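Shown here: query25.cif, mmCIF, C-alpha atoms.
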```
data_final
#
loop_
_atom_site.group_PDB
_atom_site.id
_atom_site.type_symbol
_atom_site.label_atom_id
_atom_site.label_comp_id
_atom_site.auth_asym_id
_atom_site.auth_seq_id
_atom_site.Cartn_x
_atom_site.Cartn_y
_atom_site.Cartn_z
ATOM 1 C CA MET A 1 0.000 0.000 0.000
ATOM 2 C CA VAL A 2 1.444 3.367 -1.043
ATOM 3 C CA LYS A 3 0.852 6.674 0.702
ATOM 4 C CA SER A 4 -1.939 8.103 -1.475
ATOM 5 C CA ARG A 5 -1.224 11.755 -0.669
ATOM 6 C CA LEU A 6 2.437 11.337 -1.568
ATOM 7 C CA ALA A 7 1.481 9.607 -4.820
ATOM 8 C CA LYS A 8 -0.876 12.472 -5.641
ATOM 9 C CA ASP A 9 1.871 15.046 -5.077
ATOM 10 C CA SER A 10 4.486 13.206 -7.146
ATOM 11 C CA ASP A 11 3.659 10.139 -9.249
ATOM 12 C CA ILE A 12 2.816 6.564 -8.421
ATOM 13 C CA ASP A 13 6.201 5.145 -9.467
ATOM 14 C CA SER A 14 8.169 7.620 -7.348
ATOM 15 C CA ALA A 15 5.821 7.126 -4.399
ATOM 16 C CA LEU A 16 6.193 3.347 -4.670
ATOM 17 C CA SER A 17 9.998 3.566 -4.802
ATOM 18 C CA LEU A 18 10.040 5.916 -1.813
ATOM 19 C CA TYR A 19 7.743 3.627 0.152
ATOM 20 C CA ARG A 20 9.941 0.616 -0.575
ATOM 21 C CA ASN A 21 12.959 2.516 0.735
ATOM 22 C CA PHE A 22 11.032 3.669 3.821
ATOM 23 C CA VAL A 23 10.204 0.070 4.719
ATOM 24 C CA LEU A 24 13.681 -1.304 4.029
ATOM 25 C CA ASP A 25 15.393 1.427 6.057
ATOM 26 C CA LEU A 26 13.035 1.004 9.003
ATOM 27 C CA LEU A 27 13.474 -2.778 8.944
ATOM 28 C CA LYS A 28 17.242 -2.332 8.913
ATOM 29 C CA THR A 29 16.980 -0.370 12.161
ATOM 30 C CA LEU A 30 14.479 -2.715 13.785
ATOM 31 C CA LYS A 31 16.541 -5.808 12.982
ATOM 32 C CA THR A 32 19.356 -4.488 15.178
ATOM 33 C CA GLY A 33 17.152 -4.877 18.272
ATOM 34 C CA ARG A 34 15.880 -7.882 20.182
ATOM 35 C CA TYR A 35 12.375 -7.520 18.808
ATOM 36 C CA ARG A 36 10.115 -10.068 17.162
ATOM 37 C CA LEU A 37 8.827 -8.392 14.022
ATOM 38 C CA LYS A 38 5.405 -8.802 12.453
ATOM 39 C CA LEU A 39 4.813 -6.982 9.189
ATOM 40 C CA CYS A 40 1.211 -5.851 8.732
ATOM 41 C CA PHE A 41 0.152 -5.451 5.117
ATOM 42 C CA TYR A 42 -2.876 -4.240 3.187
ATOM 43 C CA PRO A 43 -4.857 -5.292 1.215
ATOM 44 C CA PRO A 44 -5.241 -8.665 2.945
ATOM 45 C CA ASP A 45 -4.742 -10.666 -0.255
ATOM 46 C CA ALA A 46 -1.281 -9.180 -0.940
ATOM 47 C CA LEU A 47 0.747 -11.753 1.021
ATOM 48 C CA ASP A 48 2.391 -13.315 -2.034
ATOM 49 C CA LYS A 49 3.527 -9.935 -3.358
ATOM 50 C CA VAL A 50 4.807 -8.728 0.013
ATOM 51 C CA SER A 51 6.675 -11.941 0.834
ATOM 52 C CA ALA A 52 8.155 -12.030 -2.681
ATOM 53 C CA TRP A 53 9.498 -8.532 -2.040
ATOM 54 C CA LEU A 54 10.770 -8.879 1.541
ATOM 55 C CA GLY A 55 11.362 -12.609 1.765
ATOM 56 C CA LYS A 56 10.068 -15.403 3.968
ATOM 57 C CA ARG A 57 12.194 -14.605 7.020
ATOM 58 C CA TYR A 58 9.511 -12.299 8.426
ATOM 59 C CA SER A 59 6.179 -13.036 10.039
ATOM 60 C CA TYR A 60 3.358 -11.402 8.076
ATOM 61 C CA MET A 61 -0.081 -10.318 9.230
ATOM 62 C CA PRO A 62 -2.878 -9.051 6.960
ATOM 63 C CA GLN A 63 -4.615 -5.908 8.149
ATOM 64 C CA LYS A 64 -8.251 -6.762 8.833
ATOM 65 C CA GLY A 65 -11.050 -4.264 9.385
ATOM 66 C CA LYS A 66 -13.174 -1.667 7.672
ATOM 67 C CA ASP A 67 -11.037 1.301 8.727
ATOM 68 C CA LEU A 68 -7.597 2.077 10.119
ATOM 69 C CA GLY A 69 -8.802 1.886 13.707
ATOM 70 C CA GLU A 70 -10.230 -1.603 13.319
ATOM 71 C CA ARG A 71 -7.113 -2.769 11.506
ATOM 72 C CA MET A 72 -4.816 -1.519 14.268
ATOM 73 C CA ALA A 73 -7.011 -2.921 17.037
ATOM 74 C CA ASN A 74 -7.125 -6.304 15.314
ATOM 75 C CA ALA A 75 -3.341 -6.309 14.885
ATOM 76 C CA PHE A 76 -2.875 -5.763 18.624
ATOM 77 C CA ARG A 77 -5.555 -8.301 19.519
ATOM 78 C CA GLU A 78 -4.073 -11.020 17.309
ATOM 79 C CA THR A 79 -0.500 -10.404 18.449
ATOM 80 C CA PHE A 80 -1.394 -10.419 22.136
ATOM 81 C CA SER A 81 -3.319 -13.664 21.590
ATOM 82 C CA GLU A 82 0.022 -15.253 20.676
ATOM 83 C CA GLY A 83 1.361 -14.560 24.158
ATOM 84 C CA PHE A 84 3.360 -11.359 23.743
ATOM 85 C CA ALA A 85 3.600 -9.155 26.849
ATOM 86 C CA LYS A 86 4.225 -5.831 25.073
ATOM 87 C CA VAL A 87 3.489 -4.750 21.518
ATOM 88 C CA LEU A 88 4.469 -1.633 19.577
ATOM 89 C CA LEU A 89 2.772 -0.654 16.338
ATOM 90 C CA ILE A 90 4.976 1.573 14.169
ATOM 91 C CA GLY A 91 3.976 3.385 10.988
ATOM 92 C CA SER A 92 6.063 2.948 7.861
ATOM 93 C CA ASP A 93 6.302 6.632 6.922
ATOM 94 C CA LEU A 94 9.093 7.542 9.361
ATOM 95 C CA PRO A 95 12.090 5.622 8.039
ATOM 96 C CA ASP A 96 14.621 7.542 10.138
ATOM 97 C CA LEU A 97 13.384 6.360 13.527
ATOM 98 C CA THR A 98 16.501 5.757 15.593
ATOM 99 C CA ARG A 99 17.429 2.705 17.626
ATOM 100 C CA SER A 100 17.471 4.834 20.777
ATOM 101 C CA LEU A 101 13.942 6.145 20.220
ATOM 102 C CA ILE A 102 12.594 2.661 19.522
ATOM 103 C CA SER A 103 14.328 1.376 22.663
ATOM 104 C CA GLU A 104 12.780 4.208 24.673
ATOM 105 C CA ALA A 105 9.367 3.323 23.280
ATOM 106 C CA TYR A 106 9.770 -0.347 24.142
ATOM 107 C CA GLU A 107 10.826 0.304 27.738
ATOM 108 C CA PHE A 108 7.516 1.808 28.887
ATOM 109 C CA ASN A 109 7.343 -0.545 31.859
ATOM 110 C CA ASP A 110 6.097 2.083 34.323
ATOM 111 C CA TYR A 111 3.284 3.196 32.008
ATOM 112 C CA ASP A 112 0.096 1.727 30.589
ATOM 113 C CA ALA A 113 0.802 2.836 27.031
ATOM 114 C CA VAL A 114 3.293 4.677 24.852
ATOM 115 C CA ILE A 115 2.609 7.037 21.951
ATOM 116 C CA GLY A 116 4.718 8.987 19.468
ATOM 117 C CA PRO A 117 2.989 12.208 18.318
ATOM 118 C CA SER A 118 3.402 13.313 14.724
ATOM 119 C CA LEU A 119 3.459 16.918 13.580
ATOM 120 C CA ASP A 120 0.244 16.545 11.578
ATOM 121 C CA GLY A 121 -1.866 15.734 14.638
ATOM 122 C CA GLY A 122 -1.680 11.966 14.419
ATOM 123 C CA TYR A 123 0.873 9.526 15.794
ATOM 124 C CA TYR A 124 3.658 7.428 14.329
ATOM 125 C CA LEU A 125 3.849 4.805 17.093
ATOM 126 C CA ILE A 126 1.553 3.390 19.731
ATOM 127 C CA GLY A 127 2.076 0.545 22.167
ATOM 128 C CA PHE A 128 0.414 -1.358 24.995
ATOM 129 C CA LYS A 129 1.018 -4.128 27.479
ATOM 130 C CA HIS A 130 -1.123 -7.242 27.299
ATOM 131 C CA ASP A 131 -3.225 -6.175 30.282
ATOM 132 C CA THR A 132 -3.625 -2.512 29.231
ATOM 133 C CA PHE A 133 -4.650 -2.935 25.596
ATOM 134 C CA SER A 134 -8.176 -1.691 24.883
ATOM 135 C CA PRO A 135 -9.876 -1.586 21.445
ATOM 136 C CA GLU A 136 -11.719 1.502 22.705
ATOM 137 C CA ILE A 137 -8.560 3.525 22.018
ATOM 138 C CA PHE A 138 -9.203 3.111 18.277
ATOM 139 C CA GLU A 139 -12.974 3.596 18.178
ATOM 140 C CA GLY A 140 -14.723 6.680 16.804
ATOM 141 C CA MET A 141 -11.574 8.404 15.554
ATOM 142 C CA GLN A 142 -11.544 10.762 12.573
ATOM 143 C CA TRP A 143 -8.648 9.020 10.857
ATOM 144 C CA GLY A 144 -6.530 11.169 8.577
ATOM 145 C CA THR A 145 -7.372 14.394 10.410
ATOM 146 C CA ALA A 146 -5.452 16.600 12.836
ATOM 147 C CA ARG A 147 -7.734 15.468 15.690
ATOM 148 C CA VAL A 148 -6.477 11.905 16.007
ATOM 149 C CA LEU A 149 -3.808 12.525 18.648
ATOM 150 C CA THR A 150 -6.000 14.881 20.698
ATOM 151 C CA ASP A 151 -8.941 12.485 20.672
ATOM 152 C CA THR A 152 -6.706 9.514 21.492
ATOM 153 C CA MET A 153 -5.220 11.344 24.474
ATOM 154 C CA ASP A 154 -8.759 12.185 25.628
ATOM 155 C CA VAL A 155 -9.579 8.461 25.692
ATOM 156 C CA PHE A 156 -6.372 7.759 27.612
ATOM 157 C CA ARG A 157 -7.337 10.383 30.197
ATOM 158 C CA LYS A 158 -10.853 8.986 30.565
ATOM 159 C CA LYS A 159 -9.381 5.543 31.171
ATOM 160 C CA LYS A 160 -6.828 7.044 33.584
ATOM 161 C CA TYR A 161 -3.943 5.564 31.603
ATOM 162 C CA ARG A 162 -0.379 6.556 32.363
ATOM 163 C CA VAL A 163 1.081 7.316 28.940
ATOM 164 C CA HIS A 164 4.719 7.741 28.002
ATOM 165 C CA ILE A 165 4.862 10.397 25.274
ATOM 166 C CA LEU A 166 7.772 10.181 22.849
ATOM 167 C CA PRO A 167 9.337 13.147 21.024
ATOM 168 C CA GLN A 168 7.183 14.631 18.290
ATOM 169 C CA LYS A 169 8.212 13.651 14.756
ATOM 170 C CA ARG A 170 7.214 14.690 11.264
ATOM 171 C CA ASP A 171 5.954 11.764 9.213
ATOM 172 C CA ILE A 172 6.071 11.874 5.434
ATOM 173 C CA ASP A 173 2.659 12.444 3.882
ATOM 174 C CA ARG A 174 3.388 15.163 1.312
ATOM 175 C CA LEU A 175 6.305 16.401 -0.762
ATOM 176 C CA GLU A 176 6.910 19.275 1.654
ATOM 177 C CA ASP A 177 7.347 16.671 4.392
ATOM 178 C CA LEU A 178 9.822 14.808 2.201
ATOM 179 C CA ARG A 179 11.837 17.972 1.563
ATOM 180 C CA ALA A 180 11.938 18.801 5.295
ATOM 181 C CA PHE A 181 12.906 15.194 6.036
ATOM 182 C CA PHE A 182 15.792 15.392 3.563
ATOM 183 C CA GLU A 183 17.100 18.686 4.944
ATOM 184 C CA HIS A 184 16.908 17.367 8.503
ATOM 185 C CA ASN A 185 18.908 14.235 7.675
ATOM 186 C CA ARG A 186 21.587 15.695 5.400
ATOM 187 C CA ASN A 187 24.181 15.506 8.186
ATOM 188 C CA THR A 188 22.853 12.653 10.311
ATOM 189 C CA GLU A 189 23.808 8.970 10.304
ATOM 190 C CA PHE A 190 20.701 8.424 8.158
ATOM 191 C CA ALA A 191 22.321 10.370 5.291
ATOM 192 C CA ASP A 192 23.673 7.121 3.813
ATOM 193 C CA SER A 193 20.298 5.346 3.818
ATOM 194 C CA GLY A 194 18.437 4.046 0.803
ATOM 195 C CA THR A 195 15.725 6.660 1.255
ATOM 196 C CA MET A 196 18.182 9.544 1.232
ATOM 197 C CA ALA A 197 20.003 8.110 -1.794
ATOM 198 C CA PHE A 198 16.729 7.840 -3.711
ATOM 199 C CA ILE A 199 15.790 11.445 -2.906
ATOM 200 C CA ARG A 200 19.207 12.718 -3.972
ATOM 201 C CA ASN A 201 19.135 10.748 -7.215
ATOM 202 C CA ASN A 202 15.581 11.820 -8.078
ATOM 203 C CA TRP A 203 15.516 15.365 -6.690
ATOM 204 C CA ASN A 204 14.546 17.093 -9.926
ATOM 205 C CA LYS A 205 11.830 14.583 -10.728
ATOM 206 C CA LEU A 206 10.372 14.799 -7.237
ATOM 207 C CA PHE A 207 10.436 18.550 -6.715
ATOM 208 C CA SER A 208 10.480 20.265 -10.110
ATOM 209 C CA GLU A 209 6.688 20.265 -10.281
ATOM 210 C CA THR A 210 6.040 21.087 -6.616
ATOM 211 C CA LYS A 211 4.698 24.575 -7.313
ATOM 212 C CA LYS A 212 1.919 23.139 -9.464
ATOM 213 C CA HIS A 213 0.349 21.218 -6.569
#
```
For the structure just supplied, provide its representation as C-alpha cells.
Amino acid sequence: MVKSRLAKDSDIDSALSLYRNFVLDLLKTLKTGRYRLKLCFYPPDALDKVSAWLGKRYSYMPQKGKDLGERMANAFRETFSEGFAKVLLIGSDLPDLTRSLISEAYEFNDYDAVIGPSLDGGYYLIGFKHDTFSPEIFEGMQWGTARVLTDTMDVFRKKKYRVHILPQKRDIDRLEDLRAFFEHNRNTEFADSGTMAFIRNNWNKLFSETKKH
C-alpha cells in the first residue's frame, strides 16, 4: 500500500519507490534490536507480493477491518493472543526512527501505554502491554485528520492511563514533508540510507513540479 497523498503530489512510481525505501530502512533499524517483528500489510490478499518482495524470514499479518482503527485494534488483539507481553505498532512513513527512540518506546514498563505524536496531529507509534490494551482507544476516531492525537489522548485520560509520550516527529505524507525530512537528515547517520540516496538521485523529478500542486 502506497501513501496516497504522496502519490498524488508526485507520481505513483516515485511514491512506490520511496515507500519501498522507507520500509527497508526502518526494517534495517528494527533488525538491530531484540524484537520479534510482524509486518502488517494491506490489502489482505497481498501476502504473495509482500513476501516475494521482503522474503520469507519475516512473520506477516494481513490488516483486517473496515477502517484504520479496526485494523490496528485487530493487529494488537491477534499479536497479544500469541502470548506477547508488550506490543508496539509503528507506521512505515518515518524511516529515520533511531534505535534509541525505539528502545525508549519499548521500555515503557512504568506506564500503561506509549505514543509517538506526529506533527500533523496523528501519531507514528503506539504501544500497549497485554493487560492494558483496549480496542476503545481506536474507536470513533476521525482518521486522517489533525484530531487523532488529541482524541486519542482524551480516551487515555478517561481511562486514567499513564502514557509515556515520545518526542514529536514529522511523518512523510506530502512532498513538503519529504523535503523537510531530507534537509533534517543531510548531516545525520541516516544520510547514507536508501531513502536519502533515492531522494538525492531523483531530486529534480520529485520537486520540479512542486509549485503546481
For this session: Counting all atoms listed in the file, find the residues whose atoms lie at most 12 Å from (-7.3, 14.8, 17.9) (file coordinates) and write them out as a ChimeraX atom specification.
Result: /A:117-123,138,140-155
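CA of Ile90 in chain A is found 18.5 Å from CA of Leu178 in chain A.
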Phe198 in chain A surroundings by all atoms listed in the file, 12 Å radius, close-in-sequence under 2 positions cut, as a PDB file with C-alpha atoms, in the frame of the given file:
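Output file result-v8.pdb is given in full below:
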```
ATOM      1  CA  SER A  14       8.169   7.620  -7.348  1.00  0.00           C
ATOM      2  CA  ALA A  15       5.821   7.126  -4.399  1.00  0.00           C
ATOM      3  CA  LEU A  16       6.193   3.347  -4.670  1.00  0.00           C
ATOM      4  CA  SER A  17       9.998   3.566  -4.802  1.00  0.00           C
ATOM      5  CA  LEU A  18      10.040   5.916  -1.813  1.00  0.00           C
ATOM      6  CA  TYR A  19       7.743   3.627   0.152  1.00  0.00           C
ATOM      7  CA  ARG A  20       9.941   0.616  -0.575  1.00  0.00           C
ATOM      8  CA  ASN A  21      12.959   2.516   0.735  1.00  0.00           C
ATOM      9  CA  PHE A  22      11.032   3.669   3.821  1.00  0.00           C
ATOM     10  CA  ASP A  25      15.393   1.427   6.057  1.00  0.00           C
ATOM     11  CA  LEU A 178       9.822  14.808   2.201  1.00  0.00           C
ATOM     12  CA  PHE A 182      15.792  15.392   3.563  1.00  0.00           C
ATOM     13  CA  ALA A 191      22.321  10.370   5.291  1.00  0.00           C
ATOM     14  CA  ASP A 192      23.673   7.121   3.813  1.00  0.00           C
ATOM     15  CA  SER A 193      20.298   5.346   3.818  1.00  0.00           C
ATOM     16  CA  GLY A 194      18.437   4.046   0.803  1.00  0.00           C
ATOM     17  CA  THR A 195      15.725   6.660   1.255  1.00  0.00           C
ATOM     18  CA  MET A 196      18.182   9.544   1.232  1.00  0.00           C
ATOM     19  CA  ARG A 200      19.207  12.718  -3.972  1.00  0.00           C
ATOM     20  CA  ASN A 201      19.135  10.748  -7.215  1.00  0.00           C
ATOM     21  CA  ASN A 202      15.581  11.820  -8.078  1.00  0.00           C
ATOM     22  CA  TRP A 203      15.516  15.365  -6.690  1.00  0.00           C
ATOM     23  CA  ASN A 204      14.546  17.093  -9.926  1.00  0.00           C
ATOM     24  CA  LYS A 205      11.830  14.583 -10.728  1.00  0.00           C
ATOM     25  CA  LEU A 206      10.372  14.799  -7.237  1.00  0.00           C
TER      26      LEU A 206
END
```
For this session: List the residues selected by the PyMOL selection byres ((chain A and resi 67) around 12) in the file shown, writing them as a PyMOL selection string.
Result: chain A and resi 42-43+63-66+68-74+138-144
For this session: Using CA of Cys40 in chain A and CA of Tyr60 in chain A as the two end points, give the distance in Å to one decimal.
Result: 6.0 Å
Exercise. So which residues touch Thr79 in chain A within 12 Å, counting all atoms listed in the file, skipping near sequence neighbours fewer than 4 positions away, as a list of chain:residue names?
Worked result: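 Using all atoms listed in the file, the neighbours found are A:Arg36, A:Leu37, A:Lys38, A:Leu39, A:Cys40, A:Ser59, A:Tyr60, A:Met61, A:Pro62, A:Gln63, A:Met72, A:Ala73, A:Asn74, A:Ala75, A:Gly83, A:Phe84, A:Ala85, A:Lys86, A:Val87, A:Leu88, A:Leu89, A:Gly127, A:Phe128, A:Lys129, A:His130, A:Phe133.
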Exercise. What is the distance, in Å and to one decimal place, between CA of Arg34 in chain A and CA of Ile165 in chain A?
Worked result: 21.9 Å
For this session: Quick one: everything within 7 Å of range 103-108 of chain A, counting only C-alpha atoms, minus sequence neighbours fewer than 4 positions away in the same chain. Send it as a list in words.
Result: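 Close residues of range 103-108 of chain A: Arg99, Val114 and His164 of chain A.
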Exercise. If the PyMOL selection byres ((chain A and resi 112) around 7) is run on the structure shown, which residues does it catch, given as JSON, numbers by chain?
Worked result: {"A": [111, 113, 128, 129, 132, 161, 162, 163]}
Each residue of range 79-144 of chain A lying at most 10 Å from range 183-190 of chain A should get a row with its shortest atom-to-atom pair and the distance in Å to one decimal, counting all atoms listed in the file; could you produce that, ordered by chain and increasing number, as JSON lines?
```
{"residue": "A:Pro95", "atom": "CA", "partner": "A:Phe190", "partner_atom": "CA", "distance": 9.1}
{"residue": "A:Asp96", "atom": "CA", "partner": "A:Phe190", "partner_atom": "CA", "distance": 6.5}
{"residue": "A:Leu97", "atom": "CA", "partner": "A:Phe190", "partner_atom": "CA", "distance": 9.3}
{"residue": "A:Thr98", "atom": "CA", "partner": "A:Phe190", "partner_atom": "CA", "distance": 8.9}
```
Would you compute, for all listed atoms of range 132-138 of chain A, the axis-aligned bounding box grown by 3 Å on each side, and then report its centre and edge lengths in Å rounded to one decimal, as lines of an AutoDock Vina configuration file?
```
center_x = -7.7
center_y = 0.3
center_z = 23.8
size_x = 14.1
size_y = 12.5
size_z = 17.0
```
Seminar exercise, completed: One residue among A:Lys28, A:Asp45, A:Ile137, A:Phe207 is nearest to Asp177 in chain A when using only C-alpha atoms, and that residue is A:Phe207
Complete the atom set of range 14-45 of chain A to N, CA and C atoms and return it as an mmCIF file, in the coordinates of the input.
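Wrote part-v1.cif, looks like this:
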```cif
data_model
loop_
_atom_site.group_PDB
_atom_site.id
_atom_site.type_symbol
_atom_site.label_atom_id
_atom_site.label_comp_id
_atom_site.auth_asym_id
_atom_site.auth_seq_id
_atom_site.Cartn_x
_atom_site.Cartn_y
_atom_site.Cartn_z
ATOM 1 N N SER A 14 7.274 7.020 -8.345
ATOM 2 C CA SER A 14 8.169 7.620 -7.348
ATOM 3 C C SER A 14 7.690 7.316 -5.937
ATOM 4 N N ALA A 15 6.372 7.409 -5.723
ATOM 5 C CA ALA A 15 5.821 7.126 -4.399
ATOM 6 C C ALA A 15 6.083 5.674 -4.005
ATOM 7 N N LEU A 16 5.944 4.760 -4.950
ATOM 8 C CA LEU A 16 6.193 3.347 -4.670
ATOM 9 C C LEU A 16 7.659 3.106 -4.322
ATOM 10 N N SER A 17 8.565 3.726 -5.079
ATOM 11 C CA SER A 17 9.998 3.566 -4.802
ATOM 12 C C SER A 17 10.361 4.158 -3.445
ATOM 13 N N LEU A 18 9.796 5.312 -3.124
ATOM 14 C CA LEU A 18 10.040 5.916 -1.813
ATOM 15 C C LEU A 18 9.545 4.995 -0.705
ATOM 16 N N TYR A 19 8.329 4.492 -0.867
ATOM 17 C CA TYR A 19 7.743 3.627 0.152
ATOM 18 C C TYR A 19 8.591 2.378 0.371
ATOM 19 N N ARG A 20 9.081 1.797 -0.705
ATOM 20 C CA ARG A 20 9.941 0.616 -0.575
ATOM 21 C C ARG A 20 11.190 0.945 0.239
ATOM 22 N N ASN A 21 11.779 2.107 -0.021
ATOM 23 C CA ASN A 21 12.959 2.516 0.735
ATOM 24 C C ASN A 21 12.624 2.810 2.190
ATOM 25 N N PHE A 22 11.462 3.433 2.438
ATOM 26 C CA PHE A 22 11.032 3.669 3.821
ATOM 27 C C PHE A 22 11.027 2.355 4.601
ATOM 28 N N VAL A 23 10.363 1.356 4.034
ATOM 29 C CA VAL A 23 10.204 0.070 4.719
ATOM 30 C C VAL A 23 11.551 -0.605 4.939
ATOM 31 N N LEU A 24 12.383 -0.637 3.912
ATOM 32 C CA LEU A 24 13.681 -1.304 4.029
ATOM 33 C C LEU A 24 14.573 -0.623 5.056
ATOM 34 N N ASP A 25 14.560 0.713 5.085
ATOM 35 C CA ASP A 25 15.393 1.427 6.057
ATOM 36 C C ASP A 25 14.890 1.214 7.481
ATOM 37 N N LEU A 26 13.582 1.233 7.665
ATOM 38 C CA LEU A 26 13.035 1.004 9.003
ATOM 39 C C LEU A 26 13.318 -0.422 9.466
ATOM 40 N N LEU A 27 13.173 -1.391 8.582
ATOM 41 C CA LEU A 27 13.474 -2.778 8.944
ATOM 42 C C LEU A 27 14.946 -2.950 9.304
ATOM 43 N N LYS A 28 15.810 -2.253 8.612
ATOM 44 C CA LYS A 28 17.242 -2.332 8.913
ATOM 45 C C LYS A 28 17.519 -1.890 10.346
ATOM 46 N N THR A 29 16.827 -0.844 10.783
ATOM 47 C CA THR A 29 16.980 -0.370 12.161
ATOM 48 C C THR A 29 16.368 -1.353 13.150
ATOM 49 N N LEU A 30 15.170 -1.821 12.859
ATOM 50 C CA LEU A 30 14.479 -2.715 13.785
ATOM 51 C C LEU A 30 15.201 -4.047 13.951
ATOM 52 N N LYS A 31 15.851 -4.509 12.908
ATOM 53 C CA LYS A 31 16.541 -5.808 12.982
ATOM 54 C C LYS A 31 17.744 -5.777 13.914
ATOM 55 N N THR A 32 18.214 -4.576 14.271
ATOM 56 C CA THR A 32 19.356 -4.488 15.178
ATOM 57 C C THR A 32 18.938 -4.687 16.635
ATOM 58 N N GLY A 33 17.637 -4.694 16.905
ATOM 59 C CA GLY A 33 17.152 -4.877 18.272
ATOM 60 C C GLY A 33 16.806 -6.322 18.562
ATOM 61 N N ARG A 34 16.224 -6.530 19.736
ATOM 62 C CA ARG A 34 15.880 -7.882 20.182
ATOM 63 C C ARG A 34 14.389 -8.156 19.957
ATOM 64 N N TYR A 35 13.819 -7.486 18.991
ATOM 65 C CA TYR A 35 12.375 -7.520 18.808
ATOM 66 C C TYR A 35 11.946 -8.641 17.859
ATOM 67 N N ARG A 36 10.768 -9.165 18.110
ATOM 68 C CA ARG A 36 10.115 -10.068 17.162
ATOM 69 C C ARG A 36 9.255 -9.198 16.246
ATOM 70 N N LEU A 37 9.505 -9.277 14.963
ATOM 71 C CA LEU A 37 8.827 -8.392 14.022
ATOM 72 C C LEU A 37 7.658 -9.096 13.348
ATOM 73 N N LYS A 38 6.543 -8.372 13.256
ATOM 74 C CA LYS A 38 5.405 -8.802 12.453
ATOM 75 C C LYS A 38 5.105 -7.675 11.472
ATOM 76 N N LEU A 39 5.062 -7.990 10.208
ATOM 77 C CA LEU A 39 4.813 -6.982 9.189
ATOM 78 C C LEU A 39 3.346 -7.030 8.780
ATOM 79 N N CYS A 40 2.637 -5.937 9.062
ATOM 80 C CA CYS A 40 1.211 -5.851 8.732
ATOM 81 C C CYS A 40 1.054 -5.254 7.332
ATOM 82 N N PHE A 41 0.284 -5.909 6.495
ATOM 83 C CA PHE A 41 0.152 -5.451 5.117
ATOM 84 C C PHE A 41 -1.322 -5.306 4.725
ATOM 85 N N TYR A 42 -1.529 -4.483 3.713
ATOM 86 C CA TYR A 42 -2.876 -4.240 3.187
ATOM 87 C C TYR A 42 -2.757 -3.963 1.698
ATOM 88 N N PRO A 43 -3.663 -4.511 0.883
ATOM 89 C CA PRO A 43 -4.857 -5.292 1.215
ATOM 90 C C PRO A 43 -4.527 -6.706 1.695
ATOM 91 N N PRO A 44 -5.499 -7.363 2.319
ATOM 92 C CA PRO A 44 -5.241 -8.665 2.945
ATOM 93 C C PRO A 44 -4.814 -9.772 1.990
ATOM 94 N N ASP A 45 -5.096 -9.610 0.698
ATOM 95 C CA ASP A 45 -4.742 -10.666 -0.255
ATOM 96 C C ASP A 45 -3.377 -10.437 -0.905
#
```
